[in-house]
Structures are given as C-alpha cells and as structure tokens.
>>> print(open('input-v7.txt').read())   # compact mmCIF, C-alpha atoms
# COMPACT_ATOMS: atom_id res chain seq x y z
CA MET A 188 -22.53 36.14 14.48
CA LYS A 189 -19.51 34.42 12.91
CA THR A 190 -17.57 37.69 12.75
CA PHE A 191 -18.37 38.43 16.39
CA THR A 192 -17.26 34.94 17.49
CA VAL A 193 -13.93 35.20 15.69
CA ALA A 194 -13.32 38.64 17.14
CA LEU A 195 -14.10 37.43 20.66
CA VAL A 196 -11.78 34.44 20.41
CA THR A 197 -9.02 36.67 19.06
CA ALA A 198 -9.44 39.15 21.91
CA LEU A 199 -9.25 36.38 24.51
CA PHE A 200 -6.17 34.58 23.28
CA ILE A 201 -3.94 37.01 21.35
CA PRO A 202 -1.05 37.55 21.96
CA ALA A 203 -0.68 34.51 24.21
CA LEU A 204 -2.14 32.08 21.71
CA TYR A 205 -2.33 31.71 17.97
CA ALA A 206 -4.02 29.05 15.84
CA SER A 207 -2.64 27.91 12.50
CA ALA A 208 -5.12 25.95 10.41
CA GLN A 209 -6.26 25.38 6.87
CA ALA A 210 -7.72 28.52 5.35
CA SER A 211 -11.49 28.40 5.77
CA ASP A 212 -14.34 30.41 7.24
CA ASP A 213 -14.53 28.15 10.30
CA LEU A 214 -11.76 26.69 12.44
CA ILE A 215 -12.87 23.24 13.57
CA ILE A 216 -10.16 21.05 15.03
CA THR A 217 -10.79 17.30 14.77
CA PRO A 218 -8.55 14.20 14.68
CA ALA A 219 -9.13 14.18 10.91
CA ASN A 220 -8.20 17.87 10.65
CA PRO A 221 -5.24 18.46 12.99
CA VAL A 222 -3.60 21.86 13.22
CA TRP A 223 -0.49 23.42 14.72
CA LEU A 224 -1.56 25.56 17.65
CA LEU A 225 0.94 28.28 18.49
CA GLU A 226 1.38 29.22 22.12
CA ARG A 227 3.47 31.80 23.88
CA PRO A 228 4.08 30.25 27.31
CA ASP A 229 5.24 33.56 28.74
CA VAL A 230 3.52 36.65 27.34
CA ASP A 231 6.37 38.77 28.68
CA SER A 232 8.94 36.77 26.71
CA PRO A 233 8.07 36.99 23.00
CA MET A 234 11.35 35.26 22.10
CA LEU A 235 9.81 31.81 22.63
CA THR A 236 6.74 30.44 20.89
CA THR A 237 5.80 26.77 20.72
CA ALA A 238 3.83 24.75 18.16
CA ARG A 239 1.54 22.04 19.49
CA THR A 240 -0.59 19.35 17.91
CA PHE A 241 -2.62 16.51 19.39
CA GLY A 242 -2.75 12.77 18.87
CA ASP A 243 -3.18 9.45 20.66
CA SER A 244 -1.04 7.66 23.23
CA ALA A 245 -1.31 3.99 24.18
CA TYR A 246 0.10 1.68 26.81
CA ASN A 247 -1.00 -1.93 27.12
CA ASP A 248 -4.76 -1.78 26.44
CA PHE A 249 -5.24 1.84 27.49
CA HIS A 250 -5.50 4.89 25.21
CA THR A 251 -5.71 8.60 25.89
CA LYS A 252 -4.89 11.87 24.17
CA ALA A 253 -1.31 13.04 23.83
CA SER A 254 0.20 16.31 22.71
CA LEU A 255 3.36 17.01 20.78
CA GLU A 256 5.11 20.32 21.46
CA ILE A 257 7.87 21.75 19.29
CA SER A 258 9.96 24.72 20.41
CA CYS A 259 12.94 26.64 19.12
CA HIS A 260 14.66 29.44 21.01
CA PRO A 261 16.89 31.74 18.94
CA ARG A 262 19.61 31.46 21.57
CA ASN A 263 19.56 27.66 21.47
CA PRO A 264 19.10 26.75 17.81
CA THR A 265 18.40 23.05 18.37
CA ALA A 266 14.68 22.43 18.31
CA GLY A 267 13.12 20.75 21.29
CA LEU A 268 10.37 18.14 21.20
CA ALA A 269 8.13 17.22 24.12
CA LEU A 270 5.79 14.23 24.07
CA GLN A 271 3.18 15.03 26.71
CA ILE A 272 0.95 12.37 28.26
CA THR A 273 -1.32 11.72 31.24
CA PRO A 274 0.40 8.71 32.81
CA GLU A 275 -2.31 8.00 35.38
CA VAL A 276 -4.90 7.32 32.67
CA LEU A 277 -2.55 4.94 30.88
CA GLY A 278 -1.30 3.20 34.02
CA PHE A 279 2.23 4.05 32.91
CA ASP A 280 5.03 4.20 35.50
CA ILE A 281 7.01 7.37 34.80
CA GLU A 282 9.41 7.09 37.74
CA PRO A 283 12.26 5.39 35.80
CA PHE A 284 12.20 8.38 33.40
CA HIS A 285 11.64 11.13 35.97
CA GLY A 286 14.11 13.88 36.79
CA LYS A 287 17.87 14.16 36.90
CA ASP A 288 18.25 10.86 38.76
CA ALA A 289 16.25 8.88 36.17
CA SER A 290 17.39 5.31 35.74
CA THR A 291 16.62 5.23 32.02
CA ASN A 292 16.44 7.63 29.09
CA GLY A 293 14.54 5.57 26.54
CA PRO A 294 15.35 5.53 23.73
CA LEU A 295 12.42 7.15 21.95
CA ARG A 296 12.03 5.69 18.47
CA MET A 297 10.64 8.23 15.98
CA THR A 298 9.25 7.36 12.55
CA THR A 299 7.83 9.97 10.16
CA GLY A 300 5.89 8.46 7.26
CA THR A 301 8.13 6.02 5.41
CA ARG A 302 11.37 7.68 6.49
CA THR A 303 14.03 5.72 8.33
CA ALA A 304 13.31 5.56 12.05
CA ILE A 305 15.66 7.39 14.41
CA GLU A 306 16.28 6.81 18.11
CA LEU A 307 16.67 9.64 20.61
CA ALA A 308 17.44 9.81 24.32
CA VAL A 309 14.75 11.47 26.45
CA SER A 310 14.42 13.11 29.85
CA GLY A 311 11.13 13.29 31.73
CA VAL A 312 9.53 15.89 34.01
CA TRP A 313 6.11 17.01 35.21
CA ALA A 314 5.14 20.15 33.33
CA TYR A 315 2.39 22.74 32.84
CA ALA A 316 -0.17 21.37 30.40
CA GLY A 317 -0.39 24.50 28.24
CA SER A 318 -3.20 26.84 27.24
CA PHE A 319 -5.51 24.05 26.05
CA GLN A 320 -5.32 21.69 29.03
CA ILE A 321 -5.81 21.94 32.77
CA GLY A 322 -3.23 21.01 35.39
CA THR A 323 0.00 19.18 34.73
CA ILE A 324 1.16 16.45 32.37
CA PHE A 325 4.31 14.37 32.11
CA ALA A 326 6.65 15.42 29.32
CA PHE A 327 9.32 13.33 27.63
CA SER A 328 11.74 15.82 26.11
CA THR A 329 14.43 15.44 23.47
CA GLN A 330 16.14 17.34 20.66
CA VAL A 331 14.95 17.03 17.06
CA PRO A 332 17.66 16.39 14.42
CA ARG A 333 17.72 19.24 11.93
CA ASP A 334 17.05 17.07 8.86
CA GLU A 335 13.92 15.64 10.50
CA LEU A 336 12.81 19.12 11.47
CA ALA A 337 13.32 20.35 7.90
CA TYR A 338 11.25 17.45 6.59
CA TRP A 339 8.35 18.31 8.92
CA ALA A 340 8.41 21.84 7.48
CA SER A 341 8.31 20.56 3.88
CA ASP A 342 5.30 19.98 1.67
CA ALA A 343 6.06 16.25 1.60
CA ALA A 344 5.33 15.94 5.33
CA ARG A 345 1.77 17.27 5.14
CA GLY A 346 -0.61 14.61 6.41
CA GLN A 347 2.16 12.12 7.18
CA THR A 348 1.91 9.92 10.28
CA LEU A 349 4.44 10.51 13.04
CA LYS A 350 4.89 7.52 15.34
CA LEU A 351 6.77 7.60 18.62
CA LEU A 352 7.68 4.48 20.57
CA LEU A 353 9.30 4.76 24.00
CA ALA A 354 11.27 1.68 25.00
CA PRO A 355 10.10 0.09 28.27
CA ALA A 356 12.11 0.76 31.40
CA MET A 357 12.23 -2.96 32.22
CA ALA A 358 13.13 -5.85 29.93
CA GLY A 359 10.05 -7.63 28.71
CA GLY A 360 7.78 -4.66 29.36
CA GLN A 361 5.45 -3.01 26.88
CA PRO A 362 6.49 0.21 25.10
CA LEU A 363 4.58 3.45 25.33
CA THR A 364 3.40 4.54 21.89
CA ALA A 365 2.05 7.81 20.51
CA THR A 366 0.71 8.60 17.05
CA PHE A 367 0.19 11.99 15.42
CA THR A 368 -0.87 13.19 11.98
CA LEU A 369 1.25 16.10 10.81
CA PRO A 370 -1.16 18.94 9.92
CA ALA A 371 -1.75 19.76 6.27
CA ASN A 372 -1.05 23.41 7.01
CA ASN A 373 2.47 23.64 8.42
CA SER A 374 2.92 27.41 8.22
CA GLY A 375 2.61 27.76 11.99
CA LEU A 376 5.27 25.12 12.60
CA LYS A 377 7.61 26.78 10.10
CA GLN A 378 7.16 30.10 11.87
CA VAL A 379 8.19 28.56 15.19
CA ILE A 380 11.16 26.53 13.94
CA GLN A 381 12.66 29.00 11.48
CA PRO A 382 15.41 30.11 13.89
CA CYS A 383 16.54 26.49 14.17
CA LEU A 384 16.42 25.86 10.44
CA GLY A 385 18.09 29.17 9.63
CA ALA A 386 20.86 28.63 12.15
CA ALA A 387 22.48 26.08 9.89
CA GLY A 388 22.11 28.10 6.75
CA ALA A 389 18.64 27.01 5.59
>>> encode(input="input-v7.txt", output="structure tokens")
Amino acid sequence: MKTFTVALVTALFIPALYASAQASDDLIITPANPVWLLERPDVDSPMLTTARTFGDSAYNDFHTKASLEISCHPRNPTAGLALQITPEVLGFDIEPFHGKDASTNGPLRMTTGTRTAIELAVSGVWAYAGSFQIGTIFAFSTQVPRDELAYWASDAARGQTLKLLLAPAMAGGQPLTATFTLPANNSGLKQVIQPCLGAAGA
C-alpha cells in the first residue's frame, strides 16, 4: 500500500511539484518537521523552480499560517524572497504596501538564528497561492543578499529560526511578524538557489 501511495502522489505532482524532506519511508510534514517544497509555477518553463516552506505569521493578537518562497532565475542571479500571508485573517492593512504606488516599502527586518539582523525594502502584490494553497495571498517581495542565501544553504543553518518583522506603515503601529524554522534537509533549497550562488563564483 505504501509503494502504491508514493507512486500515485508522484504521478499527480511530477514534474510540476517536488518535495524535499528528510530521508525516511514516510513523508509527514509538521511544524516540528518542516521541509522545502519545490514547485515549478509554469510546467512549460523549466528554467524557474521555487522552494517553499511554511511557518507562522502574527499581527496584534491574531496568528495564521505564512509561507516563505525562495526563487532564483538563471537570467537574474539575485535570489528573490516572498513572504506570503492571508491579510484578512490577521486584520492587516496591506494597502500602504500594495503595488507600484505604495506609500511605504517596509523595511523588512530579517534575522536568521543568532546572525546580525538585516533590513530590506519590500514591494507587495496579490499573488497566486501556489500548488499547496487555494486562491490568492498577499506577497511581500524582496531580494536576498548573497551571504545570507549562502548561509541558508549551509549545514549551520539547519533547524535555525528565521524571523521576519515588517515595520508598520504608520508610526506607533504594530509590526507584522513571521517565524519559520529552516528545514534540516536543505538539499531542495540548494538545488533552487545554485544559479544565484554560482553566479558570484561559489
């Protein structure tokens, strides 16, 4: 039965979807056992694959799931990061961050483990939720510095906590926060980001 189940899942999702997880007989994704899920948003364009993992987002007293998507296109060797949330559940006003006429761009404060925090400007748009979600989500997008990207691909990053804090649009407001645990198996992430790491001679 196990062999049949694995074969069926593979037939349904390959080549549009791949799962990277710790080597075991069963693939069970839980908050305590996060994985990098590899997606090909466009099956006709094999040049772009994304790595996604899931965590928690919070605003005021509300919590809901969040996803973190990492992408790297060989023709644009700076890796992209998208923090994806469901703003309605959180009661978070995305309008100041939305579109080309946005009145603010963050910053987004990123802290990986005990490393020094970095601040990045973001842009926000409504986007397709991906293969594992239904409908649309709101995505805060930015570019990941290469040294941070290289750290995420290293053994030292396995199991580290990644914290994101988006500065409020209005003075005195509460920040939006998101927390992720970097998966113990990072081979899927390394596969996706290799063009970006290799572009600078890694």
>>> residues_around(input="input-v7.txt", residues="A:Ala245", least_positions_apart="2", cutoff="12 Å", atoms="only C-alpha atoms", output="compact mmCIF listing (two decimals) with C-alpha atoms, keeping the file's coordinate frame")
# COMPACT_ATOMS: atom_id res chain seq x y z
CA GLY A 242 -2.75 12.77 18.87
CA ASP A 243 -3.18 9.45 20.66
CA ASN A 247 -1.00 -1.93 27.12
CA ASP A 248 -4.76 -1.78 26.44
CA PHE A 249 -5.24 1.84 27.49
CA HIS A 250 -5.50 4.89 25.21
CA THR A 251 -5.71 8.60 25.89
CA LYS A 252 -4.89 11.87 24.17
CA ALA A 253 -1.31 13.04 23.83
CA ILE A 272 0.95 12.37 28.26
CA THR A 273 -1.32 11.72 31.24
CA PRO A 274 0.40 8.71 32.81
CA GLU A 275 -2.31 8.00 35.38
CA VAL A 276 -4.90 7.32 32.67
CA LEU A 277 -2.55 4.94 30.88
CA GLY A 278 -1.30 3.20 34.02
CA PHE A 279 2.23 4.05 32.91
CA LYS A 350 4.89 7.52 15.34
CA LEU A 351 6.77 7.60 18.62
CA LEU A 352 7.68 4.48 20.57
CA LEU A 353 9.30 4.76 24.00
CA GLN A 361 5.45 -3.01 26.88
CA PRO A 362 6.49 0.21 25.10
CA LEU A 363 4.58 3.45 25.33
CA THR A 364 3.40 4.54 21.89
CA ALA A 365 2.05 7.81 20.51
CA THR A 366 0.71 8.60 17.05
CA PHE A 367 0.19 11.99 15.42
>>> closest_residue(input="input-v7.txt", among="A:Val222, A:Ile257, A:Ala326, A:Leu307", to="A:Ala238", atoms="only C-alpha atoms")
A:Ile257
>>> residues_around(input="input-v7.txt", residues="stretch 299-306 of chain A", least_positions_apart="2", cutoff="12 Å", atoms="only C-alpha atoms", output="PDB file with C-alpha atoms, keeping the file's coordinate frame")
ATOM      1  CA  ASN A 292      16.440   7.630  29.090  1.00  0.00           C
ATOM      2  CA  GLY A 293      14.540   5.570  26.540  1.00  0.00           C
ATOM      3  CA  PRO A 294      15.350   5.530  23.730  1.00  0.00           C
ATOM      4  CA  LEU A 295      12.420   7.150  21.950  1.00  0.00           C
ATOM      5  CA  ARG A 296      12.030   5.690  18.470  1.00  0.00           C
ATOM      6  CA  MET A 297      10.640   8.230  15.980  1.00  0.00           C
ATOM      7  CA  ALA A 308      17.440   9.810  24.320  1.00  0.00           C
ATOM      8  CA  VAL A 309      14.750  11.470  26.450  1.00  0.00           C
ATOM      9  CA  THR A 329      14.430  15.440  23.470  1.00  0.00           C
ATOM     10  CA  GLN A 330      16.140  17.340  20.660  1.00  0.00           C
ATOM     11  CA  VAL A 331      14.950  17.030  17.060  1.00  0.00           C
ATOM     12  CA  PRO A 332      17.660  16.390  14.420  1.00  0.00           C
ATOM     13  CA  ASP A 334      17.050  17.070   8.860  1.00  0.00           C
ATOM     14  CA  GLU A 335      13.920  15.640  10.500  1.00  0.00           C
ATOM     15  CA  LEU A 336      12.810  19.120  11.470  1.00  0.00           C
ATOM     16  CA  ALA A 337      13.320  20.350   7.900  1.00  0.00           C
ATOM     17  CA  TYR A 338      11.250  17.450   6.590  1.00  0.00           C
ATOM     18  CA  TRP A 339       8.350  18.310   8.920  1.00  0.00           C
ATOM     19  CA  ALA A 343       6.060  16.250   1.600  1.00  0.00           C
ATOM     20  CA  ALA A 344       5.330  15.940   5.330  1.00  0.00           C
ATOM     21  CA  ARG A 345       1.770  17.270   5.140  1.00  0.00           C
ATOM     22  CA  GLY A 346      -0.610  14.610   6.410  1.00  0.00           C
ATOM     23  CA  GLN A 347       2.160  12.120   7.180  1.00  0.00           C
ATOM     24  CA  THR A 348       1.910   9.920  10.280  1.00  0.00           C
ATOM     25  CA  LEU A 349       4.440  10.510  13.040  1.00  0.00           C
ATOM     26  CA  LYS A 350       4.890   7.520  15.340  1.00  0.00           C
ATOM     27  CA  LEU A 351       6.770   7.600  18.620  1.00  0.00           C
ATOM     28  CA  LEU A 352       7.680   4.480  20.570  1.00  0.00           C
ATOM     29  CA  LEU A 353       9.300   4.760  24.000  1.00  0.00           C
ATOM     30  CA  ALA A 354      11.270   1.680  25.000  1.00  0.00           C
ATOM     31  CA  THR A 366       0.710   8.600  17.050  1.00  0.00           C
ATOM     32  CA  PHE A 367       0.190  11.990  15.420  1.00  0.00           C
ATOM     33  CA  THR A 368      -0.870  13.190  11.980  1.00  0.00           C
ATOM     34  CA  LEU A 369       1.250  16.100  10.810  1.00  0.00           C
TER      35      LEU A 369
END
>>> closest_residue(input="input-v7.txt", among="A:Lys377, A:Arg239, A:Lys287, A:Arg227", to="A:Leu270", atoms="all atoms listed in the file")
A:Arg239
>>> closest_residue(input="input-v7.txt", among="A:Leu376, A:Ala371, A:Ala356, A:Cys383", to="A:Pro221", atoms="all atoms listed in the file")
A:Ala371
>>> atom_distance(input="input-v7.txt", atom1="atom CA of A:Pro370", atom2="atom CA of A:Asn220")
7.2 Å
>>> closest_residue(input="input-v7.txt", among="A:Ile324, A:Cys259, A:Ile281, A:Ala269", to="A:Thr236", atoms="only C-alpha atoms")
A:Cys259
>>> closest_residue(input="input-v7.txt", among="A:Ser290, A:Tyr246, A:Gly375, A:Phe327", to="A:Ala314", atoms="all atoms listed in the file")
A:Phe327
>>> axis_aligned_box(input="input-v7.txt", around="stretch 272-282 of chain A", padding_each_side="8 Å", output="AutoDock Vina command-line options")
--center_x 2.3 --center_y 7.8 --center_z 33.0 --size_x 30.3 --size_y 25.2 --size_z 25.5
>>> closest_residue(input="input-v7.txt", among="A:Thr265, A:Thr217, A:Thr237, A:Ser258", to="A:Leu384", atoms="only C-alpha atoms")
A:Thr265
